[in-house]
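Everything on this sheet refers to the single structure shown next.
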Amino acid sequence: MNRLLTLLVVTIEVPVLATVYTGRARSSVLPGKGTHVVATVTATALPTLVSAYLVAKGGQSAMITGGTLQFTAYGIYSDGSVGALPDSQGNAVNLWNTSNHSVARISTRGHATAVGAGIVNIEAVIGTLRALPWAVTVSAVSGSQPLVLGCAANPPVIYQGASAIITAVGASAQGLPLTYSYSTSAGSMSGAGAIETLETAGAPAGTINVICAVDQQGGGTASATANVILLPQALGGDITVISPVTGSTVPFPAWVRAQNTGCNGLTPVSFGYSIDQGSVFTLGVTASEIDAPDQIINAGTHTISFRSWTSSGACPAIDTTFTVIGSAGVGGTIPSDAISSGDLARSSKWEWNHDPGTPGASTGSSLYPISDLSIDNAAREFYVTYSDNGGELYHLEFATDTTAAYFVYDTYVYLVNPSQIQNIEMDMNQVMSNGQTVILGAQCARSSGTWEYTTVSGSAHWNRSNISCNPQAWTANTWHHVQIASHRDPAGIATYDWVNLDGSLSRFHDARGPSALTLGWPSGHLLLNFQLDGAGRGSITAYIDQMTVYRW
C-alpha cells in the first residue's frame with residue numbers, strides 16, 4: 001500500500017549558532033540568542049504504519065498439544081523502519097485469532113495454546129490492517145519420545161527460476177539432538193541443517209511439495225510438508241544492485257543499495273534481502289529501493305540475496321557475493337532495530353555558513369556527488385577558505401523524533417591536508433517533548449589534544465576528556481571511520497559513551513552533565529552539525545561518506 005506524506009513548508013526565524021569560548025580557537029555547538037536568520041524548514045509527518053507481520057517467540061513453528069507459545073506483532077512503517085507493537089502512535093493489535101480453533105486458540109495478549117493436531121495460522125488485526133500470519137504445526141503427544149516438526153517456505157509463491165528458503169523447526173520433548181533432511185517433488189534442494197534453499201531452475205509451473213524430515217538421536221522421526229506455488233517464468237524482472245557488487249571489498253558497516261522495478265510488467269509491492277541464506281529478511285526503504293547500512297554483516301565473505309514481490313508473487317532473486325573488512329568493535333552494540341537516518345551525505349538539505357563565534361572569517365562550499373575517491377561513488381566534498389582560525393559550519397535537519405534517547409553519529413571522513421584543521425566538530429541536537437533542545441556535541445580538538453564534549457551551565461561549553469585526539473595527526477588522503485555514541489535522559493542530562501576511530505574503541509570517563517536549553521525550536525526536530533575550524537590561514541578540503549545517525 002502506498003501512502004503519501006504531506007509536507008508542510010514554513011518560513012520561520014531560526015537562531016544562528018552561538019559560540020563556545022574556551023580561551024583558544026572557538027567553535028559552535030548550539031543555537032544562541034539575539035541574532036536571527038530566515039530559513040525554510042520542511043516539516044514531515046511521522047512515519048505511518050503500512051503493514052504488519054507476526055513472529056513466534058524463538059521463531060518456533062511447531063507445538064505439541066497442550067503447549068503454549070507467545071506471539072508478537074511487528075509493524076512496518078512508511079519510512080522502512082520496523083518496530084514491535086503496540087507503538088508510541090497507538091497502533092496495537094485489536095484482534096488475535098487462529099484459522100482453526102480446534103487446533104489452537106489464542107488470548108487477547110497473543111498467547112497461543114495448542115488443543116489439537118493439525119496446521120493452523122495465527123492471525124492478528126491492527127486497526128484496518130491484517131498482519132501477515134504465522135503458520136504453526138501442532139502434533140499430538142504419543143509414544144515415549146514425542147517429536148514434532150514444522151516446515152515453512154519463504155516465500156510460498158515464486159516464479160520459475162526463482163528460489164525459496166525452506167525452514168524446518170523440530171522440537172524434541174527430551175531436548176535430544178536432531179538431524180534434518182529434505183526432498184522435493186520438483187527442482188532441487190541445497191544447503192544443510194535446519195535451513196535449505198529450493199532451486200527451481202528447469203522445474204515446471206505448478207505446486208512443488210517439499211518434505212522436511214527430522215531424525216531424533218536415540219529414535220523417533222517426524223515429517224512435514226511445505227507447498228511452494230511455482231508461477232510461469234517471470235519476464236522483465238529488474239533488480240539493480242548498486243552496492244556491494246559481486247567481488248567487491250567494502251568497509252564495515254556494509255552499505256546495502258539496490259533498486260527494483262518488479263517483474264512481468266507489474267510494479268513491486270515488497271523488496272528486501274537476506275544474508276547467507278538466513279531466515280532474517282530486511283525490508284527496503286520502499287518497495288522499489290534498499291538504501292541503508294547493515295550492522296549485522298560482520299567481517300568476512302558473505303552473499304546477499306535480493307528478493308522482490310509483485311501482487312502476483314515473487315520475482316527472480318539476485319545474489320551478490322562480497323567481502324567486508326573491519327568491524328564496529330563495541331560500535332556493534334548498535335541495536336539491529338535502531339532507526340537509521342540513511343546516508344545524510346546524499347541529502348539535498350545541507351546548508352552552511354561561517355561560525356561567527358570563531359575568531360576570523362571563512363567561506364564554504366559543498367559538492368555532491370564525488371566519485372573518484374568515494375567508498376561508494378557518492379561522497380560529499382566540503383571546501384573552506386579561512387583566516388584567523390575561522391570555522392565553517394555545515395548543518396541539516398534530517399528527522400523528527402521525541403522518543404529516541406540513544407544516538408550514534410557514524411561517518412567516514414577524508415582529509416586532504418590535516419595540518420590546516422584546528423577542530424573537527426560533530427554534533428547531534430534533538431528538541432525533546434518538553435520543548436528543550438538537548439546538545440550532544442563532540443569534537444576532535446587540537447588545543448586540548450582530546451575528544452571534547454559539550455555540557456550546558458547557563459551557556460554551553462566544551463570539556464576536555466580522557467580520550468586523546470588531534471585532527472592534525474590524522475593520516476592525510478585516507479578514509480577514517482568515526483563513530484560517536486551518546487545518550488540523554490528526559491531532563492536533558494547528556495552522557496557521552498564512547499568513540500570508535502578506525503576500529504579503535506575508547507570509552508569516555510565521567511563525561512556527563514546537563515546539556516539542554518530552551519530555544520523555541522519545534523518539538524522533535526533532529527539536527528546534525530559538521531564543522532571544520534581552520535588553523536591560522538588557508539583552506540580545507542574534506543570529504544564525508546556514508547554519514548549516518550542511528551537512534552533508538
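As shown in the C-alpha cells, the chain order sets the letters A, B, ...; within each chain, residues go from 1, and ligands are also counted from 1 in the order they appear.
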
Residues within 10 Å of Val103 in chain A, only C-alpha atoms, excluding chain neighbours under 5 positions, as a short mmCIF file (atom, residue, chain, number, x, y, z; two decimals) with all heavy atoms, in the first residue's frame:
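Once everything was written out, this is part-v5.cif:
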```cif
data_model
loop_
_atom_site.label_atom_id
_atom_site.label_comp_id
_atom_site.auth_asym_id
_atom_site.auth_seq_id
_atom_site.Cartn_x
_atom_site.Cartn_y
_atom_site.Cartn_z
N THR A 65 0.39 -30.66 21.42
CA THR A 65 -0.91 -30.38 22.05
C THR A 65 -0.73 -30.15 23.55
O THR A 65 0.00 -30.87 24.23
CB THR A 65 -1.88 -31.56 21.82
OG1 THR A 65 -1.26 -32.77 22.23
CG2 THR A 65 -2.29 -31.65 20.37
N THR A 98 -7.14 -17.43 15.41
CA THR A 98 -6.50 -18.55 14.73
C THR A 98 -7.41 -19.03 13.62
O THR A 98 -8.64 -18.85 13.69
CB THR A 98 -6.21 -19.71 15.70
OG1 THR A 98 -7.44 -20.32 16.10
CG2 THR A 98 -5.44 -19.24 16.92
N THR A 113 -2.43 -21.45 22.65
CA THR A 113 -2.44 -22.77 23.27
C THR A 113 -2.85 -23.80 22.22
O THR A 113 -3.88 -23.63 21.54
CB THR A 113 -3.44 -22.82 24.45
OG1 THR A 113 -3.06 -21.84 25.42
CG2 THR A 113 -3.44 -24.20 25.10
N ALA A 114 -2.03 -24.86 22.07
CA ALA A 114 -2.33 -25.92 21.11
C ALA A 114 -3.34 -26.88 21.73
O ALA A 114 -3.12 -27.39 22.84
CB ALA A 114 -1.06 -26.65 20.74
N VAL A 115 -4.45 -27.15 21.01
CA VAL A 115 -5.50 -28.01 21.56
C VAL A 115 -5.72 -29.26 20.73
O VAL A 115 -6.38 -30.20 21.19
CB VAL A 115 -6.82 -27.22 21.71
CG1 VAL A 115 -6.67 -26.11 22.72
CG2 VAL A 115 -7.28 -26.66 20.36
N GLY A 116 -5.23 -29.31 19.50
CA GLY A 116 -5.42 -30.49 18.66
C GLY A 116 -4.40 -30.53 17.54
O GLY A 116 -3.82 -29.50 17.18
N ALA A 117 -4.18 -31.71 16.97
CA ALA A 117 -3.19 -31.87 15.90
C ALA A 117 -3.67 -31.20 14.63
O ALA A 117 -4.86 -31.16 14.32
CB ALA A 117 -2.93 -33.35 15.67
N GLY A 118 -2.72 -30.64 13.86
CA GLY A 118 -3.04 -30.01 12.59
C GLY A 118 -2.16 -28.81 12.32
O GLY A 118 -1.23 -28.52 13.08
N ILE A 119 -2.45 -28.13 11.23
CA ILE A 119 -1.72 -26.92 10.85
C ILE A 119 -2.67 -25.73 11.02
O ILE A 119 -3.83 -25.78 10.57
CB ILE A 119 -1.20 -26.99 9.41
CG1 ILE A 119 -0.20 -28.15 9.28
CG2 ILE A 119 -0.54 -25.67 9.01
CD1 ILE A 119 0.30 -28.35 7.86
N VAL A 120 -2.20 -24.66 11.64
CA VAL A 120 -3.05 -23.52 11.93
C VAL A 120 -2.29 -22.24 11.68
O VAL A 120 -1.07 -22.18 11.89
CB VAL A 120 -3.55 -23.59 13.40
CG1 VAL A 120 -2.40 -23.49 14.37
CG2 VAL A 120 -4.59 -22.51 13.68
N ASN A 121 -2.99 -21.22 11.23
CA ASN A 121 -2.40 -19.89 11.07
C ASN A 121 -2.77 -19.02 12.27
O ASN A 121 -3.94 -18.96 12.65
CB ASN A 121 -2.90 -19.20 9.79
CG ASN A 121 -2.23 -19.72 8.55
OD1 ASN A 121 -1.10 -20.21 8.60
ND2 ASN A 121 -2.91 -19.63 7.42
N VAL A 136 1.72 -22.59 12.16
CA VAL A 136 2.21 -23.47 13.21
C VAL A 136 1.68 -24.89 12.95
O VAL A 136 0.51 -25.07 12.63
CB VAL A 136 1.75 -23.00 14.60
CG1 VAL A 136 2.19 -23.99 15.68
CG2 VAL A 136 2.32 -21.62 14.89
N THR A 137 2.57 -25.86 13.10
CA THR A 137 2.17 -27.27 13.02
C THR A 137 2.04 -27.82 14.43
O THR A 137 3.00 -27.76 15.21
CB THR A 137 3.20 -28.10 12.23
OG1 THR A 137 3.32 -27.58 10.90
CG2 THR A 137 2.79 -29.56 12.17
N VAL A 138 0.86 -28.34 14.77
CA VAL A 138 0.62 -28.90 16.09
C VAL A 138 0.55 -30.42 15.98
O VAL A 138 -0.18 -30.97 15.13
CB VAL A 138 -0.69 -28.36 16.70
CG1 VAL A 138 -0.94 -29.01 18.07
CG2 VAL A 138 -0.62 -26.84 16.82
N SER A 139 1.31 -31.12 16.81
CA SER A 139 1.32 -32.59 16.82
C SER A 139 0.84 -33.09 18.17
O SER A 139 1.12 -32.48 19.20
CB SER A 139 2.72 -33.13 16.54
OG SER A 139 3.18 -32.71 15.27
#
```

Near Leu501 in chain A, counting only C-alpha atoms, which residues have an atom at most 7 Å away, once you skip same-chain residues fewer than 2 positions from it, shown as a ChimeraX atom specification?
-> /A:481-483,499,503-505

Output the selection as a PDB file, in the first residue's frame - C-alpha atoms for each residue.
```
ATOM      1  CA  HIS A 481      35.717   5.750  10.185  1.00  0.00           C
ATOM      2  CA  VAL A 482      34.300   7.704  13.144  1.00  0.00           C
ATOM      3  CA  GLN A 483      31.520   6.587  15.499  1.00  0.00           C
ATOM      4  CA  VAL A 499      34.287   6.938  20.395  1.00  0.00           C
ATOM      5  CA  GLY A 503      38.225   0.396  14.790  1.00  0.00           C
ATOM      6  CA  SER A 504      39.954   1.591  17.981  1.00  0.00           C
ATOM      7  CA  LEU A 505      37.346   1.952  20.697  1.00  0.00           C
TER       8      LEU A 505
END
```

Between A:Leu230, A:Ala299, A:Leu528, A:Ile64, smallest distance to Ala140 in chain A by only C-alpha atoms belongs to A:Ile64

Residue neighbourhood range 245-253 of chain A, 12 Å, only C-alpha atoms, exclusion window fewer than 5 positions, as an NGL selection string | :A and (240 or 258 or 292-306 or 318-329 or 331-332 or 334 or 336 or 374-376 or 410-412 or 479-483 or 502-503 or 545-548)

Can you list, as a ChimeraX atom specification, every residue of range 148-294 of chain A that DSSP puts in strand (DSSP E or B)?
-> /A:148-154,157-159,163-172,178-184,188-192,195-199,206-216,221-231,239-243,249-251,254-260,263,266,270-275,282-283,289-294

List every residue of range 312-367 of chain A that has an atom at most 10 Å from any atom of range 261-269 of chain A, giving for each one its closest atom pair and the distance in Å to one decimal, counting only C-alpha atoms, sorted by chain and then by ascending residue number, as CSV.
```
residue,atom,partner,partner_atom,distance
A:Ser312,CA,A:Leu266,CA,8.2
A:Gly313,CA,A:Val269,CA,9.5
A:Ala314,CA,A:Cys263,CA,8.7
A:Cys315,CA,A:Cys263,CA,6.1
A:Pro316,CA,A:Cys263,CA,8.3
```

For the residues in the current selection, export C-alpha atoms as a compact mmCIF listing (two decimals), in the first residue's frame.
```txt
# COMPACT_ATOMS: atom_id res chain seq x y z
CA SER A 312 1.26 -11.97 -8.36
CA GLY A 313 4.14 -13.39 -6.33
CA ALA A 314 7.92 -13.40 -6.03
CA CYS A 315 10.26 -12.26 -8.79
CA PRO A 316 13.60 -13.96 -9.58
```

Interatomic distance (Å, one decimal) between CA of Gly360 in chain A and CA of Asn389 in chain A |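 Taking CA of Gly360 in chain A and CA of Asn389 in chain A, their separation equals 5.7 Å.
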
Nearest candidate to Ser419 in chain A (options A:Val431, A:Ala473, A:Leu367, A:Ile126; using only C-alpha atoms) =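 With only C-alpha atoms as the atom set, the closest residue is A:Ala473.
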
Pick out the closest residue to Ala104 in chain A from this set: A:Gly220, A:Trp134, A:Thr68, A:Ser366. Count only C-alpha atoms.
-> A:Thr68

For Tyr543 in chain A, the nearest of the candidates A:Ile370, A:Ile424, A:Ile484, A:Leu517, counting only C-alpha atoms |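 Distance minimum relative to Tyr543 in chain A lands on A:Ile370.
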
Contacts of Leu149 in chain A within 10 Å, only C-alpha atoms, excl. fewer than 3 positions in-chain, as a PyMOL selection string = chain A and resi 60-64+136-139+168-172+180+212-214+221-225

Give the answer as one residue: which of A:Met432, A:Val55, A:Leu283, A:Cys469 has the shortest atom-to-atom distance to Arg488 in chain A, using only C-alpha atoms?
-> A:Met432

Selection near Gly449 in chain A, 8 Å with only C-alpha atoms, sequence-local residues under 5 positions removed, as a ChimeraX atom specification | /A:444,468-470

Quick one: write out the picked residues with N, CA and C atoms as a JSON list (two decimals), in the first residue's frame?
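Below is the file result_13.json, written as the result:
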```
[["chain", "number", "residue", "atom", "x", "y", "z"],
["A", 444, "CYS", "N", 37.03, 16.63, 17.87],
["A", 444, "CYS", "CA", 38.45, 16.29, 17.96],
["A", 444, "CYS", "C", 39.21, 17.61, 17.92],
["A", 468, "SER", "N", 42.27, 10.76, 23.81],
["A", 468, "SER", "CA", 43.17, 11.58, 23.01],
["A", 468, "SER", "C", 42.65, 11.74, 21.58],
["A", 469, "CYS", "N", 42.84, 12.94, 21.02],
["A", 469, "CYS", "CA", 42.52, 13.17, 19.61],
["A", 469, "CYS", "C", 43.12, 14.49, 19.16],
["A", 470, "ASN", "N", 43.78, 14.49, 18.04],
["A", 470, "ASN", "CA", 44.33, 15.69, 17.41],
["A", 470, "ASN", "C", 44.10, 15.56, 15.92]]
```

Gly390 in chain A: which residues within 9 Å, counting only C-alpha atoms, same-chain residues fewer than 2 positions away excluded, as an NGL selection string?
-> :A and (25-27 or 354-363 or 385-388 or 392 or 532-537)

Taking into account only C-alpha atoms, which residue in the set A:Leu46, A:Ala317, A:Ala460, A:Ala485 is nearest to Tyr273 in chain A?
->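 Smallest separation from Tyr273 in chain A among the options: A:Ala317.
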
Mind pulling up the distance from CA of Ile158 in chain A to CA of Leu198 in chain A?
->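 Value for the CA of Leu198 in chain A-CA of Ile158 in chain A distance: 10.6 Å.
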
Hey, what's within 7 Å of range 539-541 of chain A if we count only C-alpha atoms and toss same-chain stuff fewer than 5 positions away? As an NGL selection string, please?
-> :A and (382-386 or 415-417 or 420)

Can you check which residues of range 199-427 of chain A DSSP gives as helix (DSSP H, G or I) on the backbone and send them as a list in words?
->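 In range 199-427 of chain A, DSSP puts these residues in helix (DSSP H, G or I): Gly329, Val330, Gly331, Gly332, Thr333, Leu344, Ala345, Arg346, Pro418, Ser419 and Gln420 of chain A.
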
CA of Ala164 in chain A and CA of Asp276 in chain A, how far apart in Å?
->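 For CA of Asp276 in chain A relative to CA of Ala164 in chain A, the distance reads 13.2 Å.
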